[in-house]
Amino acid sequence: MRTTKGVDVTGKVSASRRSFLSFVPLLGGAAMLSACGFQLRGQQDYAFKRLAITGGTPQMVARLERMVQGGSDTVIVKPFEKPDATLNLNEGQGMRTLSLNAQGVIQEYELVFSLNYTLLGADGTLLIPPSTIALNRSMTYSDQYTLAKSQEATLLYNDMRNDAVDQLTRRLATVRSLHPAPGEQTPGVSPRAPLPVPPL
């Protein structure tokens, strides 16, 4: 059967032509969103373009680096490489008894994780005052499965650490200027009450 460019003689659009035509509206939509200043989820426009990180575990710092550099045009540098801002981290974790059985044996633990942080500009400006992200998880416990429960606790702590990093990247995006005017500084954030008991 003879065909013309992109269309056969029966008037049916070829598969390649249909694919192209269906892609055009997507391009137009993306262009319109960009023109309106809309930012795709996962992309941040941080006020600082060179960020140094101090403190925090290697695991947390590595994830934070991936999140920041993979979702923005900001790069992570060493403190001596003239950063625009320095993020100071201090994380902690713990465990407390949540419930006992009828014999007084622990049957459930509450795992807690906290991340304290501040953000300083290159000139010492306090961009984010001392703030805290606090998280918790619950875990059943049995002496019969000590090793398995230890591994489960590690997984839960890692999950909370990842959650804290995700929250922190969004928090960093609230800083709109490296030289905020009076009254425009980003306020500090800390839990105002004890965390509620987490569900199993």
# chains A, B, ... in the order shown; residues from 1 in each chain; ligands from 1
>>> residues_around(residues="Gly71 in chain A", least_positions_apart="5", cutoff="9 Å", atoms="only C-alpha atoms", output="count of residues only")
5
>>> atom_distance(atom1="CA of Ala148 in chain A", atom2="CA of Val112 in chain A")
18.8 Å
>>> closest_residue(among="A:Ala85, A:Ile128, A:Leu111, A:Leu172", to="Ala153 in chain A", atoms="only C-alpha atoms")
A:Leu111
>>> residues_around(residues="Gly188 in chain A", least_positions_apart="2", cutoff="10 Å", atoms="only C-alpha atoms", output="list in words")
Tyr117, Thr118, Leu127, Ile128, Pro129, Pro130, Ser131, Thr132, Gln185, Thr186 and Ser190 of chain A
>>> write_last_selection(atoms="N, CA and C atoms", output="PDB file, in the first residue's frame")
ATOM      1  N   TYR A 117      19.018  20.870  64.100  1.00  0.00           N
ATOM      2  CA  TYR A 117      19.765  21.502  63.015  1.00  0.00           C
ATOM      3  C   TYR A 117      19.674  23.026  63.083  1.00  0.00           C
ATOM      4  N   THR A 118      20.676  23.671  62.514  1.00  0.00           N
ATOM      5  CA  THR A 118      20.685  25.122  62.306  1.00  0.00           C
ATOM      6  C   THR A 118      21.316  25.383  60.947  1.00  0.00           C
ATOM      7  N   LEU A 127      20.204  31.764  59.438  1.00  0.00           N
ATOM      8  CA  LEU A 127      19.150  31.604  58.436  1.00  0.00           C
ATOM      9  C   LEU A 127      18.015  30.722  58.943  1.00  0.00           C
ATOM     10  N   ILE A 128      18.352  29.680  59.703  1.00  0.00           N
ATOM     11  CA  ILE A 128      17.352  28.858  60.390  1.00  0.00           C
ATOM     12  C   ILE A 128      17.828  28.685  61.826  1.00  0.00           C
ATOM     13  N   PRO A 129      17.089  29.216  62.801  1.00  0.00           N
ATOM     14  CA  PRO A 129      17.476  29.061  64.206  1.00  0.00           C
ATOM     15  C   PRO A 129      17.431  27.593  64.623  1.00  0.00           C
ATOM     16  N   PRO A 130      17.971  27.267  65.799  1.00  0.00           N
ATOM     17  CA  PRO A 130      17.927  25.880  66.273  1.00  0.00           C
ATOM     18  C   PRO A 130      16.526  25.285  66.152  1.00  0.00           C
ATOM     19  N   SER A 131      16.432  24.172  65.452  1.00  0.00           N
ATOM     20  CA  SER A 131      15.151  23.524  65.181  1.00  0.00           C
ATOM     21  C   SER A 131      15.293  22.021  65.370  1.00  0.00           C
ATOM     22  N   THR A 132      14.151  21.354  65.504  1.00  0.00           N
ATOM     23  CA  THR A 132      14.163  19.911  65.754  1.00  0.00           C
ATOM     24  C   THR A 132      13.093  19.211  64.935  1.00  0.00           C
ATOM     25  N   GLN A 185      12.959  36.491  58.620  1.00  0.00           N
ATOM     26  CA  GLN A 185      13.774  35.313  58.908  1.00  0.00           C
ATOM     27  C   GLN A 185      12.893  34.073  59.047  1.00  0.00           C
ATOM     28  N   THR A 186      13.450  32.952  58.669  1.00  0.00           N
ATOM     29  CA  THR A 186      12.746  31.680  58.843  1.00  0.00           C
ATOM     30  C   THR A 186      12.720  31.335  60.328  1.00  0.00           C
ATOM     31  N   SER A 190      10.205  23.378  66.553  1.00  0.00           N
ATOM     32  CA  SER A 190      10.454  22.270  67.472  1.00  0.00           C
ATOM     33  C   SER A 190       9.116  21.691  67.904  1.00  0.00           C
TER      34      SER A 190
END
>>> select_by_dssp(residues="range 41-101 of chain A", states="strand (DSSP E or B)", output="list in words")
Arg50, Leu51, Ala52, Ile53, Thr54, Gly55, Val75, Ile76, Val77, Ala85, Thr86, Leu87, Asn88, Leu89, Asn90, Glu91, Gly92, Gln93, Gly94, Met95, Arg96, Thr97, Leu98, Ser99 and Leu100 of chain A
>>> write_last_selection(atoms="N, CA and C atoms", output="compact mmCIF listing (two decimals), in the first residue's frame")
# COMPACT_ATOMS: atom_id res chain seq x y z
N ARG A 50 25.80 26.85 47.25
CA ARG A 50 26.92 26.04 47.75
C ARG A 50 26.66 25.80 49.23
N LEU A 51 26.39 24.55 49.58
CA LEU A 51 26.02 24.21 50.95
C LEU A 51 27.05 23.27 51.57
N ALA A 52 27.49 23.62 52.78
CA ALA A 52 28.37 22.74 53.56
C ALA A 52 27.55 22.09 54.66
N ILE A 53 27.89 20.85 55.00
CA ILE A 53 27.18 20.10 56.04
C ILE A 53 28.17 19.66 57.10
N THR A 54 27.86 19.95 58.35
CA THR A 54 28.69 19.49 59.46
C THR A 54 27.82 18.67 60.41
N GLY A 55 28.43 17.64 61.03
CA GLY A 55 27.68 16.78 61.93
C GLY A 55 26.84 15.78 61.16
N VAL A 75 25.03 22.66 45.08
CA VAL A 75 26.05 21.63 45.23
C VAL A 75 26.51 21.59 46.69
N ILE A 76 26.93 20.41 47.13
CA ILE A 76 27.46 20.23 48.48
C ILE A 76 28.97 20.39 48.43
N VAL A 77 29.49 21.24 49.31
CA VAL A 77 30.93 21.50 49.34
C VAL A 77 31.44 21.31 50.76
N ALA A 85 26.21 28.75 52.66
CA ALA A 85 25.56 28.47 53.94
C ALA A 85 26.11 27.16 54.49
N THR A 86 26.04 27.03 55.82
CA THR A 86 26.51 25.81 56.48
C THR A 86 25.38 25.24 57.32
N LEU A 87 25.09 23.97 57.10
CA LEU A 87 24.03 23.27 57.84
C LEU A 87 24.67 22.43 58.93
N ASN A 88 24.30 22.71 60.18
CA ASN A 88 24.83 21.96 61.32
C ASN A 88 23.79 20.94 61.78
N LEU A 89 24.20 19.68 61.87
CA LEU A 89 23.29 18.59 62.21
C LEU A 89 23.72 17.89 63.49
N ASN A 90 22.74 17.42 64.24
CA ASN A 90 23.00 16.60 65.42
C ASN A 90 21.80 15.67 65.60
N GLU A 91 22.00 14.39 65.37
CA GLU A 91 20.89 13.45 65.46
C GLU A 91 21.03 12.54 66.68
N GLY A 92 19.90 12.06 67.15
CA GLY A 92 19.89 11.16 68.29
C GLY A 92 18.77 10.15 68.17
N GLN A 93 18.92 9.03 68.83
CA GLN A 93 17.88 8.01 68.80
C GLN A 93 17.83 7.30 70.15
N GLY A 94 16.68 6.73 70.43
CA GLY A 94 16.52 6.04 71.71
C GLY A 94 15.35 5.08 71.67
N MET A 95 15.12 4.43 72.79
CA MET A 95 14.07 3.42 72.89
C MET A 95 13.48 3.46 74.29
N ARG A 96 12.17 3.36 74.39
CA ARG A 96 11.55 3.30 75.70
C ARG A 96 10.40 2.29 75.68
N THR A 97 10.10 1.78 76.85
CA THR A 97 9.04 0.77 76.97
C THR A 97 7.68 1.39 76.70
N LEU A 98 6.92 0.71 75.87
CA LEU A 98 5.59 1.21 75.52
C LEU A 98 4.49 0.42 76.23
N SER A 99 4.69 -0.89 76.39
CA SER A 99 3.68 -1.70 77.07
C SER A 99 4.30 -2.98 77.61
N LEU A 100 3.64 -3.54 78.65
CA LEU A 100 4.05 -4.80 79.27
C LEU A 100 2.90 -5.79 79.17
>>> atom_distance(atom1="CA of Thr57 in chain A", atom2="CA of Leu119 in chain A")
17.2 Å
>>> atom_distance(atom1="CA of Asp123 in chain A", atom2="CA of Arg176 in chain A")
16.1 Å
>>> closest_residue(among="A:Val165, A:Val68, A:Ala134, A:Met139", to="Glu152 in chain A", atoms="only C-alpha atoms")
A:Met139
>>> closest_residue(among="A:Gln151, A:Asn158, A:Ser72, A:Thr169", to="Lys49 in chain A", atoms="only C-alpha atoms")
A:Ser72
